[in-house]
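Reproduced below: target35.txt, with compact mmCIF, C-alpha atoms.
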# COMPACT_ATOMS: atom_id res chain seq x y z
CA MET A 1 80.61 115.47 92.96
CA SER A 2 81.06 117.95 90.15
CA GLY A 3 84.49 119.53 90.21
CA PHE A 4 86.04 117.03 92.66
CA ASP A 5 89.82 117.00 92.21
CA PRO A 6 91.72 114.22 94.00
CA ASP A 7 95.06 115.74 92.97
CA VAL A 8 94.39 118.83 95.10
CA ALA A 9 93.69 116.70 98.16
CA ALA A 10 96.69 114.47 97.51
CA GLN A 11 98.99 117.48 97.27
CA ALA A 12 97.58 118.86 100.53
CA PHE A 13 98.39 115.59 102.32
CA LEU A 14 101.86 115.40 100.77
CA ASP A 15 102.63 118.98 101.79
CA ALA A 16 101.46 118.28 105.34
CA ARG A 17 103.71 115.23 105.56
CA ARG A 18 106.69 117.18 104.23
CA THR A 19 106.29 120.34 106.29
CA ARG A 20 104.52 118.91 109.37
CA ARG A 21 102.05 121.77 109.11
CA TRP A 22 98.91 119.78 109.76
CA LEU A 23 95.65 120.38 107.94
CA ARG A 24 92.57 121.99 109.43
CA ALA A 25 90.52 120.50 106.58
CA LEU A 26 90.75 119.67 102.91
CA PRO A 27 89.76 122.34 100.39
CA GLU A 28 86.03 122.08 99.72
CA ALA A 29 86.43 120.98 96.09
CA ALA A 30 88.88 118.28 97.14
CA ARG A 31 86.80 116.65 99.87
CA PRO A 32 85.80 113.08 99.03
CA ARG A 33 82.09 112.32 98.83
CA THR A 34 82.37 108.57 98.20
CA ASP A 35 84.75 105.75 99.05
CA ALA A 36 85.93 105.84 95.43
CA ASP A 37 86.91 109.50 95.88
CA ALA A 38 88.80 108.66 99.08
CA PHE A 39 90.60 105.74 97.46
CA ALA A 40 91.60 107.91 94.51
CA ILE A 41 93.26 110.34 96.93
CA GLN A 42 94.95 107.51 98.84
CA ASP A 43 96.37 106.04 95.66
CA ARG A 44 97.85 109.34 94.47
CA VAL A 45 99.52 109.97 97.82
CA ALA A 46 100.81 106.39 97.99
CA ALA A 47 102.30 106.59 94.48
CA ALA A 48 104.17 109.77 95.44
CA LEU A 49 105.49 108.35 98.72
CA GLY A 50 106.89 105.10 97.37
CA PRO A 51 106.07 101.38 97.40
CA VAL A 52 103.03 100.13 99.28
CA GLY A 53 104.13 97.36 101.62
CA GLY A 54 100.72 96.44 102.94
CA TRP A 55 97.12 97.36 103.51
CA LYS A 56 94.69 97.91 106.34
CA VAL A 57 91.14 96.76 105.85
CA GLY A 58 88.07 97.14 108.02
CA ALA A 59 84.34 97.70 108.03
CA ALA A 60 81.88 99.58 110.22
CA THR A 61 79.85 96.42 110.91
CA ARG A 62 79.93 92.72 110.10
CA GLU A 63 77.57 93.28 107.17
CA SER A 64 78.73 96.63 105.74
CA GLU A 65 81.00 97.21 102.75
CA PRO A 66 84.65 97.14 103.82
CA PHE A 67 87.13 99.97 103.29
CA ARG A 68 90.90 100.04 102.97
CA GLY A 69 94.01 102.13 103.40
CA PRO A 70 97.56 101.69 102.08
CA ILE A 71 100.54 101.18 104.39
CA GLN A 72 103.74 102.55 102.90
CA GLY A 73 106.64 100.11 102.82
CA ASP A 74 108.95 102.42 104.75
CA THR A 75 106.47 102.56 107.66
CA ILE A 76 106.47 98.78 108.23
CA PHE A 77 108.86 97.59 110.95
CA ASP A 78 109.95 94.33 112.55
CA ASP A 79 109.10 93.15 116.05
CA GLY A 80 110.94 95.16 118.70
CA ALA A 81 111.12 98.32 116.61
CA ARG A 82 112.08 101.52 118.41
CA LEU A 83 110.25 104.30 116.61
CA PRO A 84 111.17 107.97 117.06
CA ALA A 85 108.52 110.46 118.11
CA GLY A 86 109.39 112.54 115.06
CA LEU A 87 107.97 109.84 112.78
CA LEU A 88 104.46 110.55 114.06
CA HIS A 89 102.03 113.35 114.84
CA VAL A 90 99.47 111.66 117.11
CA ILE A 91 100.00 108.10 118.31
CA GLY A 92 97.20 105.56 118.53
CA VAL A 93 98.11 101.92 119.12
CA GLU A 94 96.15 98.73 118.48
CA GLY A 95 96.83 95.01 118.59
CA GLU A 96 95.79 93.28 115.38
CA LEU A 97 96.16 90.15 113.28
CA ALA A 98 97.67 90.47 109.81
CA TYR A 99 98.16 88.13 106.86
CA ARG A 100 101.20 88.13 104.59
CA PHE A 101 100.63 87.07 100.99
CA GLU A 102 103.20 84.90 99.24
CA ARG A 103 101.51 84.95 95.84
CA ASP A 104 100.26 87.77 93.63
CA LEU A 105 96.51 88.15 93.23
CA PRO A 106 96.19 90.38 90.14
CA PRO A 107 92.75 91.55 89.00
CA TRP A 108 90.83 88.83 87.17
CA GLU A 109 87.81 88.88 84.89
CA ARG A 110 85.97 86.86 87.56
CA PRO A 111 86.17 87.27 91.33
CA TYR A 112 88.56 85.12 93.31
CA ALA A 113 86.92 82.35 95.28
CA THR A 114 87.61 82.33 99.01
CA GLU A 115 89.89 79.32 98.76
CA GLU A 116 91.96 80.95 96.02
CA VAL A 117 92.59 83.93 98.30
CA LEU A 118 93.48 81.67 101.25
CA GLU A 119 95.92 79.67 99.14
CA ALA A 120 97.83 82.87 98.36
CA ILE A 121 98.45 83.60 102.07
CA GLY A 122 101.77 82.45 103.50
CA SER A 123 101.54 83.40 107.17
CA LEU A 124 99.64 85.05 109.99
CA HIS A 125 101.32 87.65 112.22
CA PRO A 126 100.60 89.49 115.45
CA VAL A 127 100.99 93.20 114.69
CA ILE A 128 100.80 96.58 116.34
CA GLU A 129 99.13 99.17 114.17
CA ILE A 130 100.05 102.77 114.92
CA LEU A 131 97.38 105.27 113.93
CA ASP A 132 98.22 108.82 112.90
CA THR A 133 96.67 111.73 111.01
CA ARG A 134 97.79 114.52 108.74
CA PHE A 135 94.97 116.68 110.09
CA GLU A 136 95.46 118.84 113.17
CA THR A 137 93.55 116.42 115.36
CA ILE A 138 92.29 112.88 115.05
CA GLY A 139 88.55 112.56 114.47
CA SER A 140 88.17 116.22 113.54
CA GLN A 141 86.99 115.47 110.00
CA ASP A 142 84.25 113.47 108.35
CA ALA A 143 84.95 109.77 107.92
CA LEU A 144 85.72 110.02 104.21
CA SER A 145 88.32 112.75 104.70
CA HIS A 146 90.10 110.57 107.26
CA ARG A 147 89.75 107.62 104.89
CA ALA A 148 91.45 109.67 102.19
CA ASP A 149 94.31 110.23 104.65
CA HIS A 150 95.49 106.62 104.30
CA GLN A 151 92.68 105.62 106.69
CA ASN A 152 94.76 107.09 109.53
CA SER A 153 97.72 104.81 108.85
CA GLY A 154 100.90 105.75 110.70
CA ALA A 155 103.04 102.61 110.95
CA LEU A 156 102.84 98.85 111.40
CA VAL A 157 105.08 96.68 113.57
CA VAL A 158 105.04 93.03 112.48
CA GLY A 159 105.63 90.08 114.78
CA PRO A 160 106.77 86.53 113.98
CA ALA A 161 105.18 84.46 111.24
CA LEU A 162 102.80 81.61 111.95
CA ARG A 163 102.74 79.37 108.89
CA ASP A 164 100.13 76.97 110.28
CA TRP A 165 97.63 79.78 110.40
CA ARG A 166 94.48 78.05 109.16
CA ARG A 167 93.91 76.42 112.55
CA ILE A 168 93.42 79.87 114.12
CA GLU A 169 89.83 81.11 114.58
CA SER A 170 90.49 84.80 114.12
CA LEU A 171 87.50 86.01 116.12
CA ARG A 172 88.26 83.77 119.10
CA VAL A 173 91.94 84.49 119.79
CA PRO A 174 92.66 85.57 123.39
CA ILE A 175 94.74 88.76 123.54
CA ARG A 176 96.65 90.69 126.20
CA PHE A 177 97.58 94.26 125.29
CA LEU A 178 100.14 95.97 127.50
CA LEU A 179 101.41 99.54 127.78
CA ASN A 180 104.62 100.04 129.78
CA GLY A 181 104.18 96.55 131.21
CA THR A 182 100.62 97.15 132.45
CA VAL A 183 97.75 95.17 130.95
CA ARG A 184 95.28 97.56 129.34
CA HIS A 185 93.09 95.04 127.53
CA GLN A 186 92.62 91.32 128.07
CA GLY A 187 90.05 88.96 126.62
CA ILE A 188 88.86 87.46 123.36
CA GLY A 189 89.90 89.89 120.67
CA GLY A 190 87.12 89.63 118.11
CA ASN A 191 86.61 92.18 115.35
CA SER A 192 83.69 94.57 114.90
CA ALA A 193 84.11 94.18 111.13
CA GLY A 194 83.37 90.47 111.32
CA ASP A 195 85.35 87.53 110.01
CA ASN A 196 88.83 88.40 108.80
CA ILE A 197 88.50 86.15 105.77
CA ARG A 198 85.58 88.21 104.46
CA LEU A 199 87.82 91.27 104.59
CA LEU A 200 90.70 89.55 102.80
CA VAL A 201 88.47 88.32 99.99
CA TRP A 202 87.08 91.83 99.55
CA MET A 203 90.61 93.21 99.36
CA ALA A 204 91.52 90.76 96.61
CA ASN A 205 88.38 91.33 94.56
CA VAL A 206 87.49 94.97 95.21
CA GLY A 207 89.87 96.87 97.47
CA THR A 208 93.03 96.51 95.38
CA ARG A 209 91.48 95.97 91.96
CA GLY A 210 92.28 99.49 90.79
CA VAL A 211 95.94 99.30 91.85
CA GLY A 212 96.94 95.98 90.33
CA GLY A 213 95.76 93.63 93.05
CA ILE A 214 97.53 92.24 96.08
CA ARG A 215 101.26 91.68 95.58
CA SER A 216 103.43 88.91 96.95
CA GLY A 217 105.09 90.07 100.17
CA GLN A 218 102.37 92.56 101.08
CA ILE A 219 100.77 92.24 104.51
CA VAL A 220 97.10 92.96 105.20
CA THR A 221 96.04 93.88 108.72
CA THR A 222 92.41 93.28 109.52
CA GLY A 223 91.32 95.59 112.35
CA SER A 224 91.73 96.11 116.05
CA CYS A 225 91.42 93.25 118.52
CA SER A 226 92.23 95.51 121.48
CA GLY A 227 90.54 98.84 120.88
CA THR A 228 92.62 102.00 120.46
CA ASP A 229 94.87 103.60 123.07
CA TRP A 230 96.33 107.07 122.52
CA VAL A 231 99.84 107.25 123.94
CA GLU A 232 102.75 109.63 124.33
CA PRO A 233 106.43 109.20 123.40
CA GLY A 234 108.20 107.00 125.91
CA THR A 235 105.60 104.20 125.73
CA GLU A 236 106.40 100.51 125.42
CA ILE A 237 103.70 98.50 123.63
CA ARG A 238 103.21 94.75 123.59
CA ALA A 239 100.44 92.61 122.12
CA GLU A 240 100.21 88.91 122.98
CA PHE A 241 97.91 86.63 120.98
CA GLU A 242 97.43 83.15 122.42
CA GLY A 243 98.41 80.50 119.88
CA VAL A 244 99.71 83.10 117.41
CA GLY A 245 102.59 84.96 119.08
CA ALA A 246 103.57 88.31 120.52
CA VAL A 247 104.89 91.59 119.13
CA GLY A 248 106.40 94.62 120.80
CA ALA A 249 107.45 98.16 119.95
CA SER A 250 108.66 101.33 121.65
CA ILE A 251 107.79 104.94 120.91
CA LEU A 252 110.96 106.88 121.67
CA ARG A 253 111.16 110.43 122.95
CA THR A 254 113.90 111.18 120.43
CA GLU A 255 113.55 112.33 116.83
CA ARG A 256 115.75 109.60 115.35
CA MET A 257 115.63 105.83 115.03
CA GLU A 258 117.73 103.93 117.59
If you took the structure in this file and wrote it as structure tokens, what would it be?
Amino acid sequence: MSGFDPDVAAQAFLDARRTRRWLRALPEAARPRTDADAFAIQDRVAAALGPVGGWKVGAATRESEPFRGPIQGDTIFDDGARLPAGLLHVIGVEGELAYRFERDLPPWERPYATEEVLEAIGSLHPVIEILDTRFETIGSQDALSHRADHQNSGALVVGPALRDWRRIESLRVPIRFLLNGTVRHQGIGGNSAGDNIRLLVWMANVGTRGVGGIRSGQIVTTGSCSGTDWVEPGTEIRAEFEGVGAVGASILRTERME
């Protein structure tokens, strides 16, 4: 788009995060028209906020091109985290599977083979992704504007590591997802984006190519296995993945971490 300025959009998102005055929309000249536009905005915001500790990756269908969003390092928490309401604007929660890399995958002249990506992974984790938005309401904008907003990333709570992760068939893991002790979702998790490995290989070869590749220690979460539930402060969340492990978190009514 002629005149597109990712810096204007990035500053709008940064101002909204700082002031908590949420956006009705991006300025017209700053609205992304392609994934590349949206990623350019993401990367500027991420650089201003601090280190990226992980990534979220997904796709609309099993065949479509994936998309990504950065997860800031200071929004990644351990199992059992008690997160204050003041950290978030809206609160969507999902149970997911995530992969922590133990080896850098910098951009190469040739694409990484699938096995090269798998060899760089150290562990599989049950996680709770918390969705948020810097717009006034979730889903109020076009998909690319929400993609530019860190793909609606709010926080990530990471459960215990499973080192023997290759035995897990990611699309066939039974999951129970509980809110305040009540089961909300139970069944075989699956993933509308298709096989998790496809998404990880895309992240290594395409999704992170412009930002130096995947770094050792970063965690990549691969999409909801439970669907999305929108919750209020005072909610206890737990995701249990058979054969992988469980992870829990609390959304506190207070403004401070406890």
9 Å contact set for A:Arg21, all atoms listed in the file, chain neighbours under 4 positions out, as a list in words: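 Result of the neighbour search: Asp15, Ala16, Arg17, Arg134, Phe135 and Glu136 of chain A.
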Option closest in space to A:Asn152, from A:Leu83, A:Leu88, A:Leu124, A:Ile175 [counting all atoms listed in the file]: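 Ranked by minimum distance to A:Asn152, first place goes to A:Leu88.
Those residues positioned at most 10 Å from (95.3, 100.8, 90.4) are Phe39, Ala40, Asp43, Arg44, Ala47, Pro107, Gly207, Thr208, Arg209, Gly210, Val211, Gly212 and Gly213 of chain A, judged using only C-alpha atoms.
When atom CA of A:Phe177 is paired with atom CA of A:Ala239, their separation reads 4.6 Å.
Comparing the minimum interatomic distances between A:Glu115 and each of A:Ala155, A:Ala148, A:Val201, A:Ala249, counting all atoms listed in the file, we find that A:Val201 sits nearest.
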Please, what distance in Å, to one decimal, runs between atom CA of A:Leu118 and atom CA of A:Val206? 15.8 Å
Using all atoms listed in the file, the best pick from A:Glu116, A:Glu28, A:Glu232, A:Asp132 as closest to A:Leu200 would be A:Glu116
Distance atom CA of A:Gly92-atom CA of A:Ile214, one decimal place? 26.1 Å
Would you list the contacts of A:Glu119 as number ranges by chain, taking every protein, DNA or RNA residue within 10 Å and counting all atoms listed in the file, but skipping same-chain residues closer than 5 positions in sequence? A: 101-103, 114
Starting from the point (105.0, 88.2, 106.2), work out which residues of protein, DNA or RNA have an atom no more than 8 Å away when counting only C-alpha atoms; state them as a PyMOL selection string. chain A and resi 99-102+122-125+158+161+217-219
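For the choices A:Ala38, A:Val90, A:Ile168, A:Gln186, the atom-to-atom distance to A:Gly139 is smallest for A:Val90 when using only C-alpha atoms.
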Could you give me, as a PyMOL selection string, the residues within 10 Å of A:Val52, counting all atoms listed in the file and dropping anything in the same chain fewer than 6 positions from it? chain A and resi 43+46+70-76+215+218-219
Env of A:Leu178: 7 Å cut, atoms = all atoms listed in the file, seq-sep filter 2 positions within chain, self excluded. Answer as an NGL selection string. :A and (176 or 180-184 or 237-239)
Considering all atoms listed in the file, return as a list in words whatever protein or nucleic-acid residues lie within 12 Å of A:Leu144, sequence-local ones (same chain, fewer than 6 positions apart) excluded. Ala25, Leu26, Ala30, Arg31, Pro32, Arg33, Thr34, Asp35, Ala36, Asp37, Ala38, Phe39, Ala40, Ile41, Gln42, Phe67, Arg68, Gly69, His150, Gln151 and Asn152 of chain A
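For the choices A:Ala113, A:Ser224, A:Trp22, A:Val57, the atom-to-atom distance to A:Thr137 is smallest for A:Trp22 when using only C-alpha atoms.
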Restricting the calculation to all atoms listed in the file, which member of A:Ala120, A:Trp202, A:Val45, A:Asp164 is positioned closest to A:Ala9? A:Val45
